[in-house]
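Colleague: Handing you a structure now.
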Amino acid sequence: MKNKKTYHSFYAKTMALFIALIFLLSIPLVLISNTILSKYEKVNYIKEYDIVLNDLHRIFNTRCHYFYNTLEPLFQNTSDYDNLCKLCTADPEQTINPALSNALVNVFYDICMRDFNCIGILLHSNITNRLYLFDLQYKTIESLRAESIYPSYSPYSLKFIDETVLVSLNERLGALSDHMYGLSGTIYNQNNTALASLGQIIVLYSTEDLVSSVSEQYLSEDAIFSITDLSGDILYQSTDAEHLPVPDSITASLPETVQNITVSGEETRLEGRNTYLSYIYNGRYEYLVSLMLPYSRVSLGYPRQLILVLILFICVFSILLFRFITKMSNDKVTFIRDGMSKLGGSNLDYRIPTDETNDEFSAIIEGFNLMCDKLQDNVEKSYVYVMQQQTAELYALQTSINPHFLYNTLEMIRVQIAQGRAQDASQMILLLSGIYRNQMRRDFFVSLSEELEQCEKLIELYMYRFGNFEYEFDIDDSFLPYALPKNTLHPLIENYFIHGINQNIEDNLITLSGKREEINGISYIRLTLSNNGLAISEEELVRLKEKLQGSIFENKDSGGFALPNVHNRLRIVFGEPCGLYPDNSIHDSGFEISILFLPMLPTEVAKKHSLSL
């Protein structure tokens, strides 16, 4: 009777009902779990390929993005660009002028050194239909005859040229690399107001970095990665197998936008077989990075039997092990959660301790620690990359020297000598040498005291040309040790003597003052350079402010380079909101411009940007 009573007890019935419900739910649970896990495994499998797809897009997008920066020195240097135009218009039957060839070889070599995957430069002349190949290996320029008609492209925009087109132009190009492609820009006559196109400059790249990005992963050989333009020309393909065309429905539906469009793991049917298709469309440069993986090659696990075993195990031992497993799991979860809570902020070095057990929680801990290692490594790499990028951009701006100052100064010295004032000319040469001696120093950052000393030399130099002005520096001595990028004040003062001084009055005055200013709880220093000379109109002031907000490397205006240069250097070194802030004087005449920067010593700024003093 006792056993029978126990069998019919509430807990026994509850247990029997619980076990019965588990068995009844097991069948749909197995089916549902199997479907979910199968899809999950498929998604994870495709995700490995999507990572490689994103790497390919990142590499190619970076190359397109920095293409114009690569050619920037060539287009900015008038002498080099004139030589390029001469080569495009040269008589193809005559030998290339040695001086012209040597000059262009040096320019092309510098361009190629900016990217280790650059294997040469090809020029095509629209005038003579002639090809000129710069061979990086031998540092020579060869004149080649075009064996086919150069394809027609819209000028003044970035264009892609695949290997087939390049080799068809001349078979000599096929010897440069196993696989390659080209990025093309337009050569135009700057002296012609219509900007007539003279030809194309094509930077040739090896696909080695793209090949390495794919080959480093353990992926199926049937997976096809490719980079194509919208006309279907293949710039890169991961395999020599026949290329599967991207469905027309995809290319036809791409919107006209500069935004990127990403589609992952779309099931479609290509060439009579089911295929997973992932692609990234770059709207800015109009190319498509795609992955095509046959459905049959997607490796999925077999979770059904494992799930069934686990459910049976739960049914048999659910009551006996419930409390034990719950307690053990709670202890483990609490341990992992406490460990996770210690990671964050600036503490990226903490790792959850591991024990000798080999259970799921240990795998989670190991996976979490591995993720933390990769996260810390990526954070450090990203920080180094950003700092190197800022350092390179700062160096490019810092070394941009306007030659007009030297020309104007030499002209003033010539006038002094012609008028018999040799002593004045000697003093001007001494001041000029002091200014350029400072230019030759490798320091990126100097103290405000040193910058003011250079400004006084500049002002003294201009006193020999303009005698009708005075200047005043009202700077607190506590500001003098703080750092500025070298040549910050120099262009502003020179700009005053070029555009602001009023030669019709005798009381021209230029004033430099400084004060502390707090913005959002952060202390800044604001230097204000003002004068009572010529003012600028409100329209000119608006245009100047717009120019300061734009990138100096994208500025198409041939003039007004000094102020954007200073503004961009301040933004790179100190960040926003530091920079230049121009304004009309509060009086009826004159102009003022203020400089906002952080109070930091030269050693602190140099350490922040990894630059040596």
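If you're wondering about the labels, chains in the structure tokens are A, B, ... by order shown, residues count from 1 in each chain, ligands from 1 in order shown.
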Leaving out A:Leu288 and any residue of its chain fewer than 2 positions from it, which residues lie within 6 Å of it when counting only C-alpha atoms, given as a PyMOL selection string?
Modeller: chain A and resi 227-228+280-281
Colleague: Store the residues picked out above, limited to all heavy atoms, as a PDB file, in the first residue's frame.
Modeller:
```pdb
ATOM      1  N   ILE A 227      35.932  40.457 -58.486  1.00  0.00           N
ATOM      2  CA  ILE A 227      35.697  41.901 -58.469  1.00  0.00           C
ATOM      3  C   ILE A 227      35.453  42.320 -59.904  1.00  0.00           C
ATOM      4  O   ILE A 227      36.307  42.106 -60.768  1.00  0.00           O
ATOM      5  CB  ILE A 227      36.893  42.669 -57.879  1.00  0.00           C
ATOM      6  CG1 ILE A 227      37.196  42.203 -56.461  1.00  0.00           C
ATOM      7  CG2 ILE A 227      36.632  44.180 -57.894  1.00  0.00           C
ATOM      8  CD1 ILE A 227      38.418  42.851 -55.839  1.00  0.00           C
ATOM      9  N   THR A 228      34.288  42.882 -60.171  1.00  0.00           N
ATOM     10  CA  THR A 228      33.923  43.273 -61.527  1.00  0.00           C
ATOM     11  C   THR A 228      33.364  44.690 -61.519  1.00  0.00           C
ATOM     12  O   THR A 228      32.867  45.171 -60.494  1.00  0.00           O
ATOM     13  CB  THR A 228      32.857  42.323 -62.117  1.00  0.00           C
ATOM     14  OG1 THR A 228      31.676  42.383 -61.294  1.00  0.00           O
ATOM     15  CG2 THR A 228      33.360  40.892 -62.162  1.00  0.00           C
ATOM     16  N   ILE A 280      28.969  42.688 -52.431  1.00  0.00           N
ATOM     17  CA  ILE A 280      29.037  44.059 -51.908  1.00  0.00           C
ATOM     18  C   ILE A 280      29.137  44.992 -53.105  1.00  0.00           C
ATOM     19  O   ILE A 280      30.070  44.880 -53.912  1.00  0.00           O
ATOM     20  CB  ILE A 280      30.253  44.268 -50.985  1.00  0.00           C
ATOM     21  CG1 ILE A 280      30.189  43.301 -49.800  1.00  0.00           C
ATOM     22  CG2 ILE A 280      30.315  45.713 -50.495  1.00  0.00           C
ATOM     23  CD1 ILE A 280      31.411  43.358 -48.904  1.00  0.00           C
ATOM     24  N   TYR A 281      28.183  45.877 -53.221  1.00  0.00           N
ATOM     25  CA  TYR A 281      28.209  46.872 -54.299  1.00  0.00           C
ATOM     26  C   TYR A 281      28.726  48.191 -53.733  1.00  0.00           C
ATOM     27  O   TYR A 281      28.197  48.726 -52.767  1.00  0.00           O
ATOM     28  CB  TYR A 281      26.811  47.079 -54.878  1.00  0.00           C
ATOM     29  CG  TYR A 281      26.718  48.274 -55.807  1.00  0.00           C
ATOM     30  CD1 TYR A 281      27.370  48.268 -57.031  1.00  0.00           C
ATOM     31  CD2 TYR A 281      25.989  49.408 -55.442  1.00  0.00           C
ATOM     32  CE1 TYR A 281      27.294  49.360 -57.876  1.00  0.00           C
ATOM     33  CE2 TYR A 281      25.905  50.499 -56.281  1.00  0.00           C
ATOM     34  CZ  TYR A 281      26.571  50.474 -57.498  1.00  0.00           C
ATOM     35  OH  TYR A 281      26.500  51.557 -58.333  1.00  0.00           O
TER      36      TYR A 281
END
```
Colleague: Stretch 363-370 of chain A: which residues within 10 Å, counting only C-alpha atoms, same-chain residues fewer than 4 positions away excluded, as a count of residues only?
Modeller: 17
Colleague: Would you compute the distance between atom CA of A:Tyr45 and atom CA of A:Lys332? Give it in Å to one decimal.
Modeller: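 Separating atom CA of A:Tyr45 from atom CA of A:Lys332 is a distance of 29.2 Å.
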Colleague: Can you pull out the residues contacting stretch 202-217 of chain A? Cut-off 8 Å, using only C-alpha atoms, and skip same-chain residues under 4 positions away; I want them as an mmCIF file with C-alpha atoms, in the first residue's frame.
Modeller:
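Contents of the output file selection.cif:
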```cif
data_model
loop_
_atom_site.group_PDB
_atom_site.id
_atom_site.type_symbol
_atom_site.label_atom_id
_atom_site.label_comp_id
_atom_site.auth_asym_id
_atom_site.auth_seq_id
_atom_site.Cartn_x
_atom_site.Cartn_y
_atom_site.Cartn_z
ATOM 1 C CA VAL A 52 37.015 37.180 -46.909
ATOM 2 C CA ASP A 55 38.496 41.901 -46.781
ATOM 3 C CA LEU A 56 38.579 41.967 -50.597
ATOM 4 C CA ILE A 59 41.532 46.234 -49.906
ATOM 5 C CA ASN A 117 51.515 46.188 -55.275
ATOM 6 C CA CYS A 118 52.095 48.808 -57.982
ATOM 7 C CA ILE A 119 54.009 47.125 -60.836
ATOM 8 C CA GLY A 120 54.219 49.961 -63.344
ATOM 9 C CA ILE A 121 52.528 52.899 -65.023
ATOM 10 C CA LEU A 122 51.033 52.991 -68.514
ATOM 11 C CA LEU A 123 50.326 56.156 -70.483
ATOM 12 C CA SER A 177 52.631 40.066 -63.717
ATOM 13 C CA ASP A 178 50.629 36.842 -63.770
ATOM 14 C CA HIS A 179 47.465 38.782 -63.055
ATOM 15 C CA MET A 180 46.923 42.516 -62.908
ATOM 16 C CA TYR A 181 44.472 45.364 -63.389
ATOM 17 C CA GLY A 182 44.674 49.108 -63.838
ATOM 18 C CA LEU A 183 43.145 52.269 -62.379
ATOM 19 C CA SER A 184 42.906 55.031 -64.956
ATOM 20 C CA GLY A 185 42.818 58.824 -64.642
ATOM 21 C CA TYR A 236 40.049 39.914 -60.157
ATOM 22 C CA SER A 238 40.048 33.827 -57.223
#
```
Colleague: Can you tell me which residues surround A:Thr262 at a distance of at most 12 Å, considering only C-alpha atoms, apart from same-chain residues fewer than 6 positions away, and format the answer as a list of chain:residue names?
Modeller: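 Near A:Thr262, the qualifying residues are A:Asp50, A:Leu53, A:Asn54, A:His57, A:Ile250, A:Leu254, A:Leu277, A:Ser278, A:Tyr279, A:Ile280, A:Tyr281, A:Asn282, A:Gly283, A:Leu288, A:Val289, A:Ser290, A:Leu291.
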Colleague: Just to be explicit: take each residue in the selection above, keep N, CA, C and O atoms, and write the result as a PDB file, in the first residue's frame.
Modeller:
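Full text of out21.pdb as output:
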```
ATOM      1  N   ASP A  50      32.059  35.369 -46.044  1.00  0.00           N
ATOM      2  CA  ASP A  50      31.725  36.803 -46.061  1.00  0.00           C
ATOM      3  C   ASP A  50      32.852  37.643 -45.477  1.00  0.00           C
ATOM      4  O   ASP A  50      33.048  38.788 -45.866  1.00  0.00           O
ATOM      5  N   LEU A  53      35.153  38.096 -48.194  1.00  0.00           N
ATOM      6  CA  LEU A  53      34.533  39.033 -49.149  1.00  0.00           C
ATOM      7  C   LEU A  53      34.714  40.476 -48.675  1.00  0.00           C
ATOM      8  O   LEU A  53      35.054  41.356 -49.471  1.00  0.00           O
ATOM      9  N   ASN A  54      34.505  40.712 -47.386  1.00  0.00           N
ATOM     10  CA  ASN A  54      34.673  42.055 -46.845  1.00  0.00           C
ATOM     11  C   ASN A  54      36.133  42.497 -46.893  1.00  0.00           C
ATOM     12  O   ASN A  54      36.422  43.678 -47.122  1.00  0.00           O
ATOM     13  N   HIS A  57      36.807  43.613 -50.414  1.00  0.00           N
ATOM     14  CA  HIS A  57      36.213  44.939 -50.655  1.00  0.00           C
ATOM     15  C   HIS A  57      37.021  46.035 -49.969  1.00  0.00           C
ATOM     16  O   HIS A  57      37.260  47.105 -50.539  1.00  0.00           O
ATOM     17  N   ILE A 250      20.335  41.470 -60.407  1.00  0.00           N
ATOM     18  CA  ILE A 250      21.047  42.166 -59.341  1.00  0.00           C
ATOM     19  C   ILE A 250      21.621  43.480 -59.848  1.00  0.00           C
ATOM     20  O   ILE A 250      21.419  44.545 -59.268  1.00  0.00           O
ATOM     21  N   LEU A 254      20.551  47.700 -58.846  1.00  0.00           N
ATOM     22  CA  LEU A 254      21.448  48.516 -58.029  1.00  0.00           C
ATOM     23  C   LEU A 254      21.070  49.981 -58.160  1.00  0.00           C
ATOM     24  O   LEU A 254      21.000  50.509 -59.270  1.00  0.00           O
ATOM     25  N   LEU A 277      24.888  33.217 -53.060  1.00  0.00           N
ATOM     26  CA  LEU A 277      25.484  34.426 -53.632  1.00  0.00           C
ATOM     27  C   LEU A 277      25.552  35.508 -52.563  1.00  0.00           C
ATOM     28  O   LEU A 277      24.556  35.863 -51.949  1.00  0.00           O
ATOM     29  N   SER A 278      26.776  36.014 -52.333  1.00  0.00           N
ATOM     30  CA  SER A 278      26.984  37.179 -51.479  1.00  0.00           C
ATOM     31  C   SER A 278      27.709  38.236 -52.307  1.00  0.00           C
ATOM     32  O   SER A 278      28.590  37.904 -53.109  1.00  0.00           O
ATOM     33  N   TYR A 279      27.356  39.491 -52.120  1.00  0.00           N
ATOM     34  CA  TYR A 279      28.046  40.533 -52.865  1.00  0.00           C
ATOM     35  C   TYR A 279      27.997  41.852 -52.111  1.00  0.00           C
ATOM     36  O   TYR A 279      27.150  42.070 -51.249  1.00  0.00           O
ATOM     37  N   ILE A 280      28.969  42.688 -52.431  1.00  0.00           N
ATOM     38  CA  ILE A 280      29.037  44.059 -51.908  1.00  0.00           C
ATOM     39  C   ILE A 280      29.137  44.992 -53.105  1.00  0.00           C
ATOM     40  O   ILE A 280      30.070  44.880 -53.912  1.00  0.00           O
ATOM     41  N   TYR A 281      28.183  45.877 -53.221  1.00  0.00           N
ATOM     42  CA  TYR A 281      28.209  46.872 -54.299  1.00  0.00           C
ATOM     43  C   TYR A 281      28.726  48.191 -53.733  1.00  0.00           C
ATOM     44  O   TYR A 281      28.197  48.726 -52.767  1.00  0.00           O
ATOM     45  N   ASN A 282      29.810  48.704 -54.324  1.00  0.00           N
ATOM     46  CA  ASN A 282      30.384  49.989 -53.934  1.00  0.00           C
ATOM     47  C   ASN A 282      29.817  51.065 -54.845  1.00  0.00           C
ATOM     48  O   ASN A 282      30.168  51.157 -56.020  1.00  0.00           O
ATOM     49  N   GLY A 283      28.896  51.866 -54.311  1.00  0.00           N
ATOM     50  CA  GLY A 283      28.226  52.882 -55.118  1.00  0.00           C
ATOM     51  C   GLY A 283      29.109  54.057 -55.451  1.00  0.00           C
ATOM     52  O   GLY A 283      28.864  54.765 -56.428  1.00  0.00           O
ATOM     53  N   LEU A 288      31.590  45.774 -58.119  1.00  0.00           N
ATOM     54  CA  LEU A 288      30.881  44.715 -57.404  1.00  0.00           C
ATOM     55  C   LEU A 288      31.894  43.667 -56.950  1.00  0.00           C
ATOM     56  O   LEU A 288      32.657  43.147 -57.761  1.00  0.00           O
ATOM     57  N   VAL A 289      31.914  43.383 -55.650  1.00  0.00           N
ATOM     58  CA  VAL A 289      32.726  42.291 -55.098  1.00  0.00           C
ATOM     59  C   VAL A 289      31.752  41.168 -54.756  1.00  0.00           C
ATOM     60  O   VAL A 289      30.840  41.360 -53.954  1.00  0.00           O
ATOM     61  N   SER A 290      31.927  40.006 -55.386  1.00  0.00           N
ATOM     62  CA  SER A 290      30.922  38.952 -55.246  1.00  0.00           C
ATOM     63  C   SER A 290      31.554  37.622 -54.858  1.00  0.00           C
ATOM     64  O   SER A 290      32.735  37.365 -55.112  1.00  0.00           O
ATOM     65  N   LEU A 291      30.741  36.775 -54.215  1.00  0.00           N
ATOM     66  CA  LEU A 291      31.103  35.406 -53.851  1.00  0.00           C
ATOM     67  C   LEU A 291      30.014  34.491 -54.373  1.00  0.00           C
ATOM     68  O   LEU A 291      28.828  34.729 -54.141  1.00  0.00           O
TER      69      LEU A 291
END
```
Colleague: Please provide the set of residues having any atom within 7 Å of stretch 441-458 of chain A, restricted to only C-alpha atoms, with same-chain residues fewer than 4 positions apart removed, written as a list in words.
Modeller: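 The contact residues come out as Leu431, Ile435, Arg437, Tyr462, Leu480, Pro481, Tyr482, Ala483, Leu484, Pro485, Lys486, Leu489, His490, Pro602 and Leu613 of chain A.
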Colleague: Just give me the gap between atom CA of A:Glu472 and atom CA of A:Ser530 in Å, one decimal is fine.
Modeller: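 So the answer is 10.1 Å.
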Colleague: Between atom CA of A:Leu529 and atom CA of A:Leu512, what distance in Å does the model show, to one decimal?
Modeller: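 Going from atom CA of A:Leu529 over to atom CA of A:Leu512 covers 4.5 Å.
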Colleague: From the options A:Ser168, A:Thr511, A:Gln200, A:Gln237, which residue's atoms come nearest to A:Ser125, counting only C-alpha atoms?
Modeller: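 Under the stated criterion, the closest residue is A:Gln200.
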Colleague: When DSSP is applied to the backbone of this structure, which of stretch 425-574 of chain A are assigned alpha helix (DSSP H)? Write them out as number ranges by chain.
Modeller: A: 425-440, 448-463, 489-495, 538-549, 562-574
